[in-house]
Amino acid sequence: MIGDLHCHTRLSDGSMSIDDLIFYAKRSGLDFVGVTDHDTMAGINRAEQLGKRLGIGVVGGVEISTRDYARNRRVHLLCYLPKHPDRLEGTLKKIVEGRDKAKRQSMRMIMRRYPVTEEHILRLAAGSSSLYQVHIMEALMELGYTGQIYGELYRQLLSKNGSCYVPVEYPDVWETAKLIRSAGGVCVLAHPSVYDSIELMEELAKKGAIDGIERDHPRVKQEHLPIIDQVLKEYGLISTGGTDFHGKYTKNPNPLGTCVTQQEGLERIFQLAKSR
């Protein structure tokens, strides 16, 4: 029994629909798939219905964007199976609105440099909870200015040091971890290597703020694995795995099931969620 517990759809910055994600998760041989769009749970009911129809378990969740203000770094927390998702709504709404505002500012700056239209970009973002940089970059791809989403043009325009980058304000990681618990969710630190969150990982684990760590991820740094394994063991945390699937909106090709959560991790998530 295995599950890819980190997947995105068109409701955030993935390129695949809910329907296609569930279909291909089943076809890939997965027993479970985690639907964890950025800062929205809008697709969970649809995913669960399709999962029942196709015979694959759906682990409903959300990847919440936060910030470690002590180090001024981004941090992502995965919330699985919250019993009271309504308690997350206010925070998620604020994040989504803040992101959409920032990306629209970036869009207008880019429109002054390239003959791309707002209508074109927003058409590509249709169905998403927010405008994302991938929608802007896809429009520029369609106009022939670049051949990839995350290439040199992206770095020039929309990376952290890009000329059209507009920052987004995110909630504090510690407060968000508490919020996930209050919502009855299972709190997992996503991809600690990606935003250099190894020190924070140890702090969160020591203070009992997280239930698990996403150990298996396409962008994990091999030198971090012994540290992650030690923290998992020392604090009895759940080891999870996920592909961080975005379809064609990805920095590196990673098919569904590239990284997975094993049976023990799945069972612990289900047991913990049930007890809350």
# chains A, B, ... in the order shown; residues from 1 in each chain; ligands from 1
>>> residues_around(residues="Asp216 of chain A", least_positions_apart="6", cutoff="9 Å", atoms="only C-alpha atoms", output="ChimeraX atom specification")
/A:191,225,239-243,259-261
>>> select_by_dssp(residues="segment 66-159 of chain A", states="strand (DSSP E)", output="ChimeraX atom specification")
/A:66-68,73-80
>>> residues_around(residues="Ile95 of chain A", least_positions_apart="5", cutoff="8 Å", atoms="only C-alpha atoms", output="JSON, numbers by chain")
{"A": [39, 65, 169, 170, 171]}
>>> residues_around(residues="Arg108 of chain A", least_positions_apart="2", cutoff="12 Å", atoms="only C-alpha atoms", output="list in words")
Lys101, Ala102, Lys103, Arg104, Gln105, Ser106, Ile110, Met111, Arg112, Arg113, Tyr114, Pro115, Val116, Thr117, Glu118, Glu119, Ile121, Leu122, Ile136, Cys164, Tyr165 and Val166 of chain A
>>> residues_around(residues="Ser12 of chain A", least_positions_apart="6", cutoff="12 Å", atoms="only C-alpha atoms", output="PyMOL selection string")
chain A and resi 18+35-43+62-64+96+99-100+124-135+245-247+249
>>> write_last_selection(atoms="N, CA and C atoms", output="mmCIF file, in the first residue's frame")
data_model
loop_
_atom_site.group_PDB
_atom_site.id
_atom_site.type_symbol
_atom_site.label_atom_id
_atom_site.label_comp_id
_atom_site.auth_asym_id
_atom_site.auth_seq_id
_atom_site.Cartn_x
_atom_site.Cartn_y
_atom_site.Cartn_z
ATOM 1 N N ILE A 18 -8.565 17.997 -11.707
ATOM 2 C CA ILE A 18 -8.833 17.011 -10.651
ATOM 3 C C ILE A 18 -9.131 15.652 -11.270
ATOM 4 N N VAL A 35 -4.368 15.083 -2.463
ATOM 5 C CA VAL A 35 -4.680 16.311 -3.204
ATOM 6 C C VAL A 35 -4.369 17.471 -2.273
ATOM 7 N N THR A 36 -3.280 18.180 -2.569
ATOM 8 C CA THR A 36 -2.765 19.198 -1.643
ATOM 9 C C THR A 36 -2.475 20.497 -2.391
ATOM 10 N N ASP A 37 -3.501 21.072 -2.979
ATOM 11 C CA ASP A 37 -3.299 22.338 -3.684
ATOM 12 C C ASP A 37 -2.850 23.428 -2.718
ATOM 13 N N HIS A 38 -2.171 24.421 -3.275
ATOM 14 C CA HIS A 38 -1.698 25.530 -2.450
ATOM 15 C C HIS A 38 -2.873 26.336 -1.904
ATOM 16 N N ASP A 39 -3.002 26.332 -0.583
ATOM 17 C CA ASP A 39 -3.883 27.261 0.127
ATOM 18 C C ASP A 39 -5.351 27.195 -0.287
ATOM 19 N N THR A 40 -5.783 26.056 -0.777
ATOM 20 C CA THR A 40 -7.202 25.849 -1.076
ATOM 21 C C THR A 40 -7.546 24.371 -0.987
ATOM 22 N N MET A 41 -8.753 24.097 -0.492
ATOM 23 C CA MET A 41 -9.252 22.722 -0.434
ATOM 24 C C MET A 41 -10.483 22.577 -1.334
ATOM 25 N N ALA A 42 -10.591 23.455 -2.305
ATOM 26 C CA ALA A 42 -11.787 23.502 -3.152
ATOM 27 C C ALA A 42 -12.017 22.229 -3.955
ATOM 28 N N GLY A 43 -10.956 21.469 -4.215
ATOM 29 C CA GLY A 43 -11.118 20.292 -5.057
ATOM 30 C C GLY A 43 -11.307 18.980 -4.318
ATOM 31 N N VAL A 62 -4.153 20.167 2.127
ATOM 32 C CA VAL A 62 -3.813 21.481 1.585
ATOM 33 C C VAL A 62 -2.357 21.769 1.943
ATOM 34 N N GLU A 63 -1.644 22.379 1.022
ATOM 35 C CA GLU A 63 -0.283 22.839 1.310
ATOM 36 C C GLU A 63 -0.362 24.324 1.633
ATOM 37 N N ILE A 64 -0.041 24.655 2.868
ATOM 38 C CA ILE A 64 -0.187 26.036 3.333
ATOM 39 C C ILE A 64 1.151 26.765 3.261
ATOM 40 N N VAL A 96 -4.506 33.486 -0.328
ATOM 41 C CA VAL A 96 -4.880 33.461 -1.749
ATOM 42 C C VAL A 96 -5.092 34.877 -2.280
ATOM 43 N N ARG A 99 -1.700 36.618 -2.595
ATOM 44 C CA ARG A 99 -0.939 36.113 -3.743
ATOM 45 C C ARG A 99 -1.510 36.665 -5.051
ATOM 46 N N ASP A 100 -2.827 36.626 -5.187
ATOM 47 C CA ASP A 100 -3.451 37.086 -6.418
ATOM 48 C C ASP A 100 -3.139 38.559 -6.668
ATOM 49 N N LEU A 124 -5.556 31.566 -19.042
ATOM 50 C CA LEU A 124 -4.758 30.407 -18.640
ATOM 51 C C LEU A 124 -4.915 30.114 -17.151
ATOM 52 N N ALA A 125 -5.295 31.123 -16.381
ATOM 53 C CA ALA A 125 -5.474 30.953 -14.938
ATOM 54 C C ALA A 125 -6.906 30.585 -14.577
ATOM 55 N N ALA A 126 -7.775 30.454 -15.564
ATOM 56 C CA ALA A 126 -9.185 30.158 -15.295
ATOM 57 C C ALA A 126 -9.310 28.863 -14.502
ATOM 58 N N GLY A 127 -10.096 28.918 -13.427
ATOM 59 C CA GLY A 127 -10.287 27.745 -12.584
ATOM 60 C C GLY A 127 -9.356 27.685 -11.397
ATOM 61 N N SER A 128 -8.275 28.445 -11.440
ATOM 62 C CA SER A 128 -7.343 28.477 -10.311
ATOM 63 C C SER A 128 -7.854 29.435 -9.246
ATOM 64 N N SER A 129 -7.504 29.155 -8.006
ATOM 65 C CA SER A 129 -7.919 30.023 -6.897
ATOM 66 C C SER A 129 -7.227 31.373 -6.953
ATOM 67 N N SER A 130 -6.122 31.450 -7.698
ATOM 68 C CA SER A 130 -5.322 32.670 -7.752
ATOM 69 C C SER A 130 -4.542 32.688 -9.054
ATOM 70 N N LEU A 131 -4.117 33.868 -9.462
ATOM 71 C CA LEU A 131 -3.151 33.969 -10.548
ATOM 72 C C LEU A 131 -1.795 33.515 -10.005
ATOM 73 N N TYR A 132 -1.070 32.713 -10.785
ATOM 74 C CA TYR A 132 0.263 32.242 -10.413
ATOM 75 C C TYR A 132 1.261 32.635 -11.492
ATOM 76 N N GLN A 133 2.525 32.609 -11.114
ATOM 77 C CA GLN A 133 3.572 32.943 -12.075
ATOM 78 C C GLN A 133 3.594 31.977 -13.263
ATOM 79 N N VAL A 134 3.160 30.729 -13.036
ATOM 80 C CA VAL A 134 3.169 29.758 -14.147
ATOM 81 C C VAL A 134 2.203 30.181 -15.258
ATOM 82 N N HIS A 135 1.117 30.837 -14.880
ATOM 83 C CA HIS A 135 0.147 31.289 -15.889
ATOM 84 C C HIS A 135 0.738 32.417 -16.742
ATOM 85 N N PHE A 245 3.708 16.968 -7.350
ATOM 86 C CA PHE A 245 3.326 16.906 -8.755
ATOM 87 C C PHE A 245 2.621 18.180 -9.209
ATOM 88 N N HIS A 246 3.120 18.746 -10.310
ATOM 89 C CA HIS A 246 2.513 19.941 -10.907
ATOM 90 C C HIS A 246 2.210 19.747 -12.389
ATOM 91 N N GLY A 247 2.343 18.514 -12.885
ATOM 92 C CA GLY A 247 2.148 18.303 -14.313
ATOM 93 C C GLY A 247 3.241 18.990 -15.118
ATOM 94 N N TYR A 249 3.751 22.131 -15.281
ATOM 95 C CA TYR A 249 4.247 23.317 -14.568
ATOM 96 C C TYR A 249 5.267 22.886 -13.520
#
>>> select_by_dssp(residues="segment 155-234 of chain A", states="alpha helix (DSSP H)", output="PyMOL selection string")
chain A and resi 155-157+173-182+198-206+225-234
>>> residues_around(residues="Ala177 of chain A", least_positions_apart="6", cutoff="12 Å", atoms="only C-alpha atoms", output="JSON, numbers by chain")
{"A": [63, 64, 65, 66, 67, 68, 75, 76, 77, 78, 79, 80, 88, 91, 171, 183, 184, 185, 186, 187, 188, 189, 204, 205, 207, 208, 209, 210, 211, 212]}
>>> closest_residue(among="A:Met109, A:Ile180, A:Ala25, A:Leu81", to="Ile44 of chain A", atoms="only C-alpha atoms")
A:Leu81
>>> decode(residues="segment 154-190 of chain A", atoms="N, CA and C atoms", output="compact mmCIF listing (two decimals), in the first residue's frame")
# COMPACT_ATOMS: atom_id res chain seq x y z
N TYR A 154 12.17 33.30 -16.73
CA TYR A 154 11.52 33.27 -15.42
C TYR A 154 12.46 33.86 -14.37
N ARG A 155 13.71 33.45 -14.39
CA ARG A 155 14.67 33.96 -13.40
C ARG A 155 14.83 35.46 -13.53
N GLN A 156 14.81 35.98 -14.76
CA GLN A 156 14.96 37.42 -14.96
C GLN A 156 13.73 38.20 -14.47
N LEU A 157 12.56 37.61 -14.62
CA LEU A 157 11.32 38.34 -14.35
C LEU A 157 10.69 38.06 -13.00
N LEU A 158 10.55 36.78 -12.64
CA LEU A 158 9.66 36.41 -11.54
C LEU A 158 10.31 35.64 -10.40
N SER A 159 11.60 35.34 -10.50
CA SER A 159 12.28 34.74 -9.36
C SER A 159 12.39 35.79 -8.25
N LYS A 160 12.87 35.39 -7.10
CA LYS A 160 12.93 36.31 -5.95
C LYS A 160 13.70 37.59 -6.28
N ASN A 161 14.70 37.49 -7.13
CA ASN A 161 15.49 38.67 -7.51
C ASN A 161 15.10 39.21 -8.89
N GLY A 162 13.97 38.74 -9.41
CA GLY A 162 13.53 39.15 -10.73
C GLY A 162 13.01 40.59 -10.77
N SER A 163 13.08 41.19 -11.94
CA SER A 163 12.71 42.60 -12.09
C SER A 163 11.22 42.86 -11.91
N CYS A 164 10.38 41.82 -12.04
CA CYS A 164 8.93 42.00 -11.90
C CYS A 164 8.38 41.22 -10.71
N TYR A 165 9.25 40.80 -9.83
CA TYR A 165 8.82 40.03 -8.66
C TYR A 165 8.16 40.94 -7.62
N VAL A 166 7.02 40.51 -7.11
CA VAL A 166 6.32 41.23 -6.04
C VAL A 166 6.13 40.24 -4.89
N PRO A 167 6.65 40.52 -3.71
CA PRO A 167 6.56 39.56 -2.60
C PRO A 167 5.13 39.40 -2.09
N VAL A 168 4.87 38.24 -1.49
CA VAL A 168 3.58 37.93 -0.90
C VAL A 168 3.77 37.77 0.60
N GLU A 169 2.87 38.31 1.38
CA GLU A 169 2.95 38.17 2.83
C GLU A 169 2.28 36.86 3.25
N TYR A 170 3.03 36.05 4.02
CA TYR A 170 2.53 34.75 4.46
C TYR A 170 2.45 34.70 5.98
N PRO A 171 1.56 33.86 6.52
CA PRO A 171 1.43 33.76 7.98
C PRO A 171 2.64 33.07 8.61
N ASP A 172 2.81 33.28 9.89
CA ASP A 172 3.91 32.69 10.64
C ASP A 172 3.79 31.17 10.69
N VAL A 173 4.89 30.47 10.50
CA VAL A 173 4.87 29.01 10.47
C VAL A 173 4.39 28.40 11.77
N TRP A 174 4.77 29.00 12.90
CA TRP A 174 4.38 28.45 14.21
C TRP A 174 2.89 28.61 14.44
N GLU A 175 2.36 29.76 14.09
CA GLU A 175 0.92 29.99 14.26
C GLU A 175 0.12 29.09 13.33
N THR A 176 0.65 28.87 12.13
CA THR A 176 -0.06 28.02 11.18
C THR A 176 -0.07 26.57 11.63
N ALA A 177 1.03 26.11 12.21
CA ALA A 177 1.08 24.74 12.74
C ALA A 177 0.03 24.56 13.84
N LYS A 178 -0.13 25.56 14.68
CA LYS A 178 -1.16 25.51 15.73
C LYS A 178 -2.55 25.48 15.11
N LEU A 179 -2.73 26.26 14.06
CA LEU A 179 -4.02 26.33 13.38
C LEU A 179 -4.40 24.97 12.79
N ILE A 180 -3.43 24.30 12.19
CA ILE A 180 -3.68 22.98 11.62
C ILE A 180 -4.15 22.01 12.70
N ARG A 181 -3.50 22.06 13.85
CA ARG A 181 -3.90 21.19 14.96
C ARG A 181 -5.32 21.54 15.43
N SER A 182 -5.62 22.82 15.51
CA SER A 182 -6.95 23.24 15.98
C SER A 182 -8.03 22.82 15.00
N ALA A 183 -7.65 22.65 13.72
CA ALA A 183 -8.59 22.19 12.71
C ALA A 183 -8.69 20.66 12.69
N GLY A 184 -7.93 20.01 13.56
CA GLY A 184 -7.96 18.55 13.61
C GLY A 184 -7.19 17.88 12.50
N GLY A 185 -6.26 18.61 11.91
CA GLY A 185 -5.48 18.06 10.81
C GLY A 185 -4.16 17.47 11.27
N VAL A 186 -3.56 16.68 10.41
CA VAL A 186 -2.22 16.13 10.63
C VAL A 186 -1.23 17.08 9.96
N CYS A 187 -0.28 17.57 10.73
CA CYS A 187 0.64 18.61 10.26
C CYS A 187 2.00 18.02 9.89
N VAL A 188 2.37 18.17 8.61
CA VAL A 188 3.63 17.63 8.10
C VAL A 188 4.44 18.76 7.48
N LEU A 189 5.72 18.83 7.84
CA LEU A 189 6.62 19.81 7.23
C LEU A 189 6.98 19.33 5.83
N ALA A 190 6.64 20.12 4.84
CA ALA A 190 6.92 19.75 3.45
C ALA A 190 8.38 20.02 3.09
